[in-house]
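File shown: query.cif. Contents: mmCIF, C-alpha atoms and all ligand atoms.
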data_input
#
loop_
_atom_site.label_atom_id
_atom_site.label_comp_id
_atom_site.auth_asym_id
_atom_site.auth_seq_id
_atom_site.Cartn_x
_atom_site.Cartn_y
_atom_site.Cartn_z
CA MET P 74 17.21 214.09 238.58
CA THR P 75 16.93 210.52 239.71
CA ASP P 76 18.52 207.36 238.38
CA CYS P 77 15.24 205.50 238.88
CA ILE P 78 14.74 203.10 235.95
CA PHE P 79 11.32 204.49 235.06
CA CYS P 80 12.60 208.08 235.20
CA ARG P 81 15.37 207.01 232.83
CA ILE P 82 12.76 205.54 230.46
CA ILE P 83 10.81 208.82 230.64
CA ARG P 84 13.97 210.76 229.77
CA GLY P 85 14.66 208.39 226.88
CA GLU P 86 17.89 207.09 228.40
CA LEU P 87 16.56 203.52 228.46
CA PRO P 88 14.55 201.92 225.67
CA ALA P 89 10.86 201.19 226.07
CA THR P 90 8.13 200.13 223.68
CA ARG P 91 5.82 203.09 224.15
CA VAL P 92 2.07 202.78 223.79
CA TYR P 93 0.90 206.23 224.88
CA GLU P 94 2.29 209.41 226.38
CA ASP P 95 1.20 212.91 227.26
CA ALA P 96 2.33 215.69 229.60
CA ASP P 97 1.46 213.70 232.73
CA VAL P 98 1.82 209.99 232.01
CA LEU P 99 3.64 207.39 229.92
CA ALA P 100 2.41 203.90 229.01
CA PHE P 101 4.74 201.18 227.71
CA MET P 102 4.96 197.43 227.33
CA ASP P 103 6.27 195.60 230.39
CA ILE P 104 9.59 194.06 229.31
CA PHE P 105 8.93 191.04 231.53
CA PRO P 106 5.30 190.54 230.57
CA LEU P 107 3.17 188.08 232.50
CA ARG P 108 1.35 187.68 229.23
CA ARG P 109 0.93 189.38 225.88
CA GLY P 110 -0.46 192.88 226.16
CA HIS P 111 0.94 193.59 229.65
CA VAL P 112 1.21 197.38 229.83
CA LEU P 113 2.60 199.66 232.55
CA VAL P 114 1.30 203.19 233.06
CA ILE P 115 3.53 205.57 235.03
CA PRO P 116 3.37 209.26 235.99
CA ARG P 117 6.17 211.42 234.60
CA GLU P 118 6.64 212.79 238.09
CA HIS P 119 8.81 210.56 240.30
CA GLN P 120 6.81 209.44 243.33
CA VAL P 121 6.96 206.09 245.09
CA GLN P 122 3.36 205.78 246.26
CA LEU P 123 -0.02 206.64 244.86
CA HIS P 124 -1.00 209.09 247.61
CA GLN P 125 2.07 211.21 246.85
CA LEU P 126 0.74 212.14 243.42
CA SER P 127 -1.53 215.13 242.98
CA PRO P 128 -5.20 214.22 242.52
CA GLU P 129 -4.92 215.43 238.93
CA VAL P 130 -1.98 213.17 238.03
CA ARG P 131 -3.52 210.26 239.95
CA GLY P 132 -6.65 210.77 237.89
CA ARG P 133 -4.63 210.84 234.67
CA LEU P 134 -2.90 207.59 235.67
CA ILE P 135 -6.16 205.73 236.27
CA ASP P 136 -7.88 207.27 233.25
CA THR P 137 -4.99 206.24 231.00
CA GLY P 138 -5.08 202.71 232.40
CA ALA P 139 -8.80 202.50 231.65
CA ARG P 140 -8.25 203.71 228.10
CA ILE P 141 -5.42 201.20 227.58
CA ALA P 142 -7.81 198.44 228.70
CA GLN P 143 -10.44 199.74 226.30
CA ALA P 144 -7.84 199.63 223.53
CA LEU P 145 -6.87 196.08 224.50
CA TYR P 146 -10.52 195.00 224.25
CA ALA P 147 -10.71 196.53 220.77
CA SER P 148 -7.35 195.11 219.65
CA SER P 149 -6.56 191.73 218.14
CA LEU P 150 -5.62 190.49 221.63
CA GLN P 151 -9.33 190.61 222.52
CA PRO P 152 -9.15 189.95 226.28
CA ALA P 153 -12.41 189.23 228.10
CA ALA P 154 -11.42 191.46 231.03
CA ALA P 155 -8.48 193.32 232.48
CA HIS P 156 -6.60 193.31 235.73
CA PHE P 157 -5.38 196.63 237.18
CA ALA P 158 -2.72 196.39 239.86
CA ILE P 159 -0.57 198.84 241.81
CA ASN P 160 1.98 197.51 244.29
CA ASP P 161 2.05 200.56 246.55
CA GLY P 162 5.47 200.35 248.21
CA PRO P 163 8.41 197.94 248.51
CA ALA P 164 6.73 195.74 251.14
CA ALA P 165 3.94 195.17 248.60
CA GLN P 166 6.42 193.70 246.09
CA GLN P 167 6.82 197.03 244.33
CA SER P 168 9.79 196.25 242.10
CA VAL P 169 10.62 199.76 240.90
CA PRO P 170 10.16 202.59 243.43
CA HIS P 171 8.15 204.74 241.04
CA VAL P 172 4.35 204.49 240.96
CA HIS P 173 3.23 202.13 238.20
CA LEU P 174 -0.14 200.75 237.22
CA HIS P 175 -0.15 197.27 235.67
CA VAL P 176 -2.80 196.72 233.00
CA LEU P 177 -3.12 193.01 232.28
CA PRO P 178 -5.39 191.34 229.76
CA ARG P 179 -7.49 188.57 231.33
CA TYR P 180 -9.30 185.73 229.64
CA ALA P 181 -12.15 183.55 230.84
CA GLY P 182 -10.82 180.66 232.93
CA ASP P 183 -7.22 181.86 232.91
CA GLY P 184 -6.69 180.75 236.44
CA GLY P 185 -6.69 181.79 240.09
CA ARG P 186 -2.92 181.60 240.26
CA PHE P 187 -2.72 184.71 238.14
CA LEU P 188 -2.57 187.24 240.96
CA LEU P 189 0.05 185.22 242.83
CA ARG P 190 2.21 185.24 239.74
CA LEU P 191 1.80 188.99 239.52
CA LEU P 192 2.81 189.52 243.14
CA ARG P 193 5.80 187.22 242.94
CA LYS P 194 6.98 188.22 239.55
CA PRO P 195 10.74 188.57 239.36
CA PHE P 196 10.88 192.01 237.89
CA ASP P 197 14.32 193.32 237.26
CA LEU P 198 14.29 195.92 234.56
CA ALA P 199 18.03 196.29 234.96
CA LEU P 200 18.42 193.02 233.06
CA GLY P 201 17.40 194.87 229.95
CA PRO P 202 14.58 194.61 227.44
CA ALA P 203 13.38 191.20 226.30
CA ALA P 204 11.73 190.23 223.03
CA ALA P 205 11.32 193.82 221.90
CA GLY P 206 10.16 192.70 218.46
CA GLY P 207 7.09 190.90 219.80
CA LEU P 208 6.36 193.74 222.18
CA GLU P 209 6.41 196.24 219.32
CA ALA P 210 3.81 194.29 217.34
CA ASP P 211 1.42 194.24 220.30
CA ALA P 212 2.17 197.89 221.10
CA ALA P 213 1.31 198.83 217.52
CA ALA P 214 -2.05 197.01 217.83
CA ILE P 215 -2.81 198.84 221.09
CA ARG P 216 -1.77 202.23 219.66
CA ALA P 217 -4.02 201.68 216.65
CA ALA P 218 -6.97 200.80 218.89
CA LEU P 219 -6.30 203.85 221.08
CA ALA P 220 -6.28 206.10 218.02
CA LYS P 221 -9.69 204.74 217.03
CA ILE P 222 -11.05 205.31 220.55
CA ASP P 223 -9.76 208.88 220.44
CA GLY P 224 -11.27 209.40 217.00
CA HIS P 225 -8.01 209.95 215.15
ZN ZN Z 301 11.25 207.55 238.88
#
Spell out the structure here as structure tokens.
Ligand SMILES: [Zn+2]
Amino acid sequence: MTDCIFCRIIRGELPATRVYEDADVLAFMDIFPLRRGHVLVIPREHQVQLHQLSPEVRGRLIDTGARIAQALYASSLQPAAAHFAINDGPAAQQSVPHVHLHVLPRYAGDGGRFLLRLLRKPFDLALGPAAAGGLEADAAAIRAALAKIDGH
């Protein structure tokens, strides 16, 4: 058992606005979003870097990220595109040492400074959740779109 913040979210010891979960992965709203609809997808298994995951779990991580993006496109947020990002280790500005895939809605002309902001983002989950009410509304929209994609 690890006291990693993401492992604690997985175990339900810390709150998170969940969007999707299954046996392998969990997706939730980033509590310091760069913008509305910023979702993180993490494996349930604690590993720091992408290559440490099994090919199956790595596949589940990417597949879930793609489906979250599809749900974002179908949701009221209606992004024109999405940005997928994994900071693969502390020297790459990985803020929590547990593999996480950022899924970020992008809009036409939303600026070249976007990636810099992502890389430099002060990301301290230990400060606690922010604006959970707004996050829940967006999470509900994404969950509803996911359910439609999955035919439920
Ligand atoms: Zn962890």
Pull the closest atom pair for each residue of chain P that gets at most 8 Å from ligand ZN 301 (chain Z), along with the distance in Å to one decimal, counting all atoms listed in the file, ordering rows by chain and then ascending residue number, as CSV.
residue,atom,partner,partner_atom,distance
P:Thr75,CA,Z:ZN301,ZN,6.5
P:Asp76,CA,Z:ZN301,ZN,7.3
P:Cys77,CA,Z:ZN301,ZN,4.5
P:Ile78,CA,Z:ZN301,ZN,6.4
P:Phe79,CA,Z:ZN301,ZN,4.9
P:Cys80,CA,Z:ZN301,ZN,4.0
P:Arg81,CA,Z:ZN301,ZN,7.3
P:Arg117,CA,Z:ZN301,ZN,7.7
P:Glu118,CA,Z:ZN301,ZN,7.0
P:His119,CA,Z:ZN301,ZN,4.1
P:Gln120,CA,Z:ZN301,ZN,6.6
P:Val121,CA,Z:ZN301,ZN,7.7
P:Pro170,CA,Z:ZN301,ZN,6.8
P:His171,CA,Z:ZN301,ZN,4.7
P:Val172,CA,Z:ZN301,ZN,7.8
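Distance check against Gly182 of chain P using all atoms listed in the file: of P:Ile159, P:Gly138, P:Gly224, P:Ala154, the minimum falls on P:Ala154.
Atom to atom, atom CA of Leu177 of chain P and atom CA of Ala139 of chain P stand 11.1 Å apart.
We find atom CA of Ala155 of chain P and atom CA of Asp103 of chain P to be spaced 15.1 Å apart.
You can rank P:Leu87, P:Ala218, P:Ala212, P:Leu113 by their closest distance to Leu174 of chain P using all atoms listed in the file, and at the top of that list sits P:Leu113.
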Inset, instruction - Identify which of the residues P:Gln125, P:Thr90, P:Ser149, P:Gln166 lies closest to Leu208 of chain P, counting all atoms listed in the file when measuring atom-to-atom distances. - result: P:Thr90
Inset, instruction - Quick one: pull the distance between atom CA of Val98 of chain P and atom CA of Ile115 of chain P, Å, one decimal. - result: 5.6 Å
Inset, instruction - Compare P:Pro163, P:Gly184, P:Gly110, P:Gly132 by their minimum atom-to-atom distance to Gln151 of chain P, counting all atoms listed in the file, and give me the closest one. - result: P:Gly110
Can you tell me, as JSON, the centre and edge lengths (Å, one decimal) of the axis-aligned box enclosing all of segment 107-123 of chain P's listed atoms after padding each side by 4 Å?
{"center_x": 4.2, "center_y": 200.2, "center_z": 236.1, "size_x": 17.3, "size_y": 33.1, "size_z": 28.4}
Legend entry - Residues near Met102 of chain P, cut-off 12 Å, only C-alpha atoms, skip fewer than 4 positions along chain, as an NGL selection string: :P and (82 or 88-93 or 106-115 or 141 or 173-177 or 198 or 202-216)
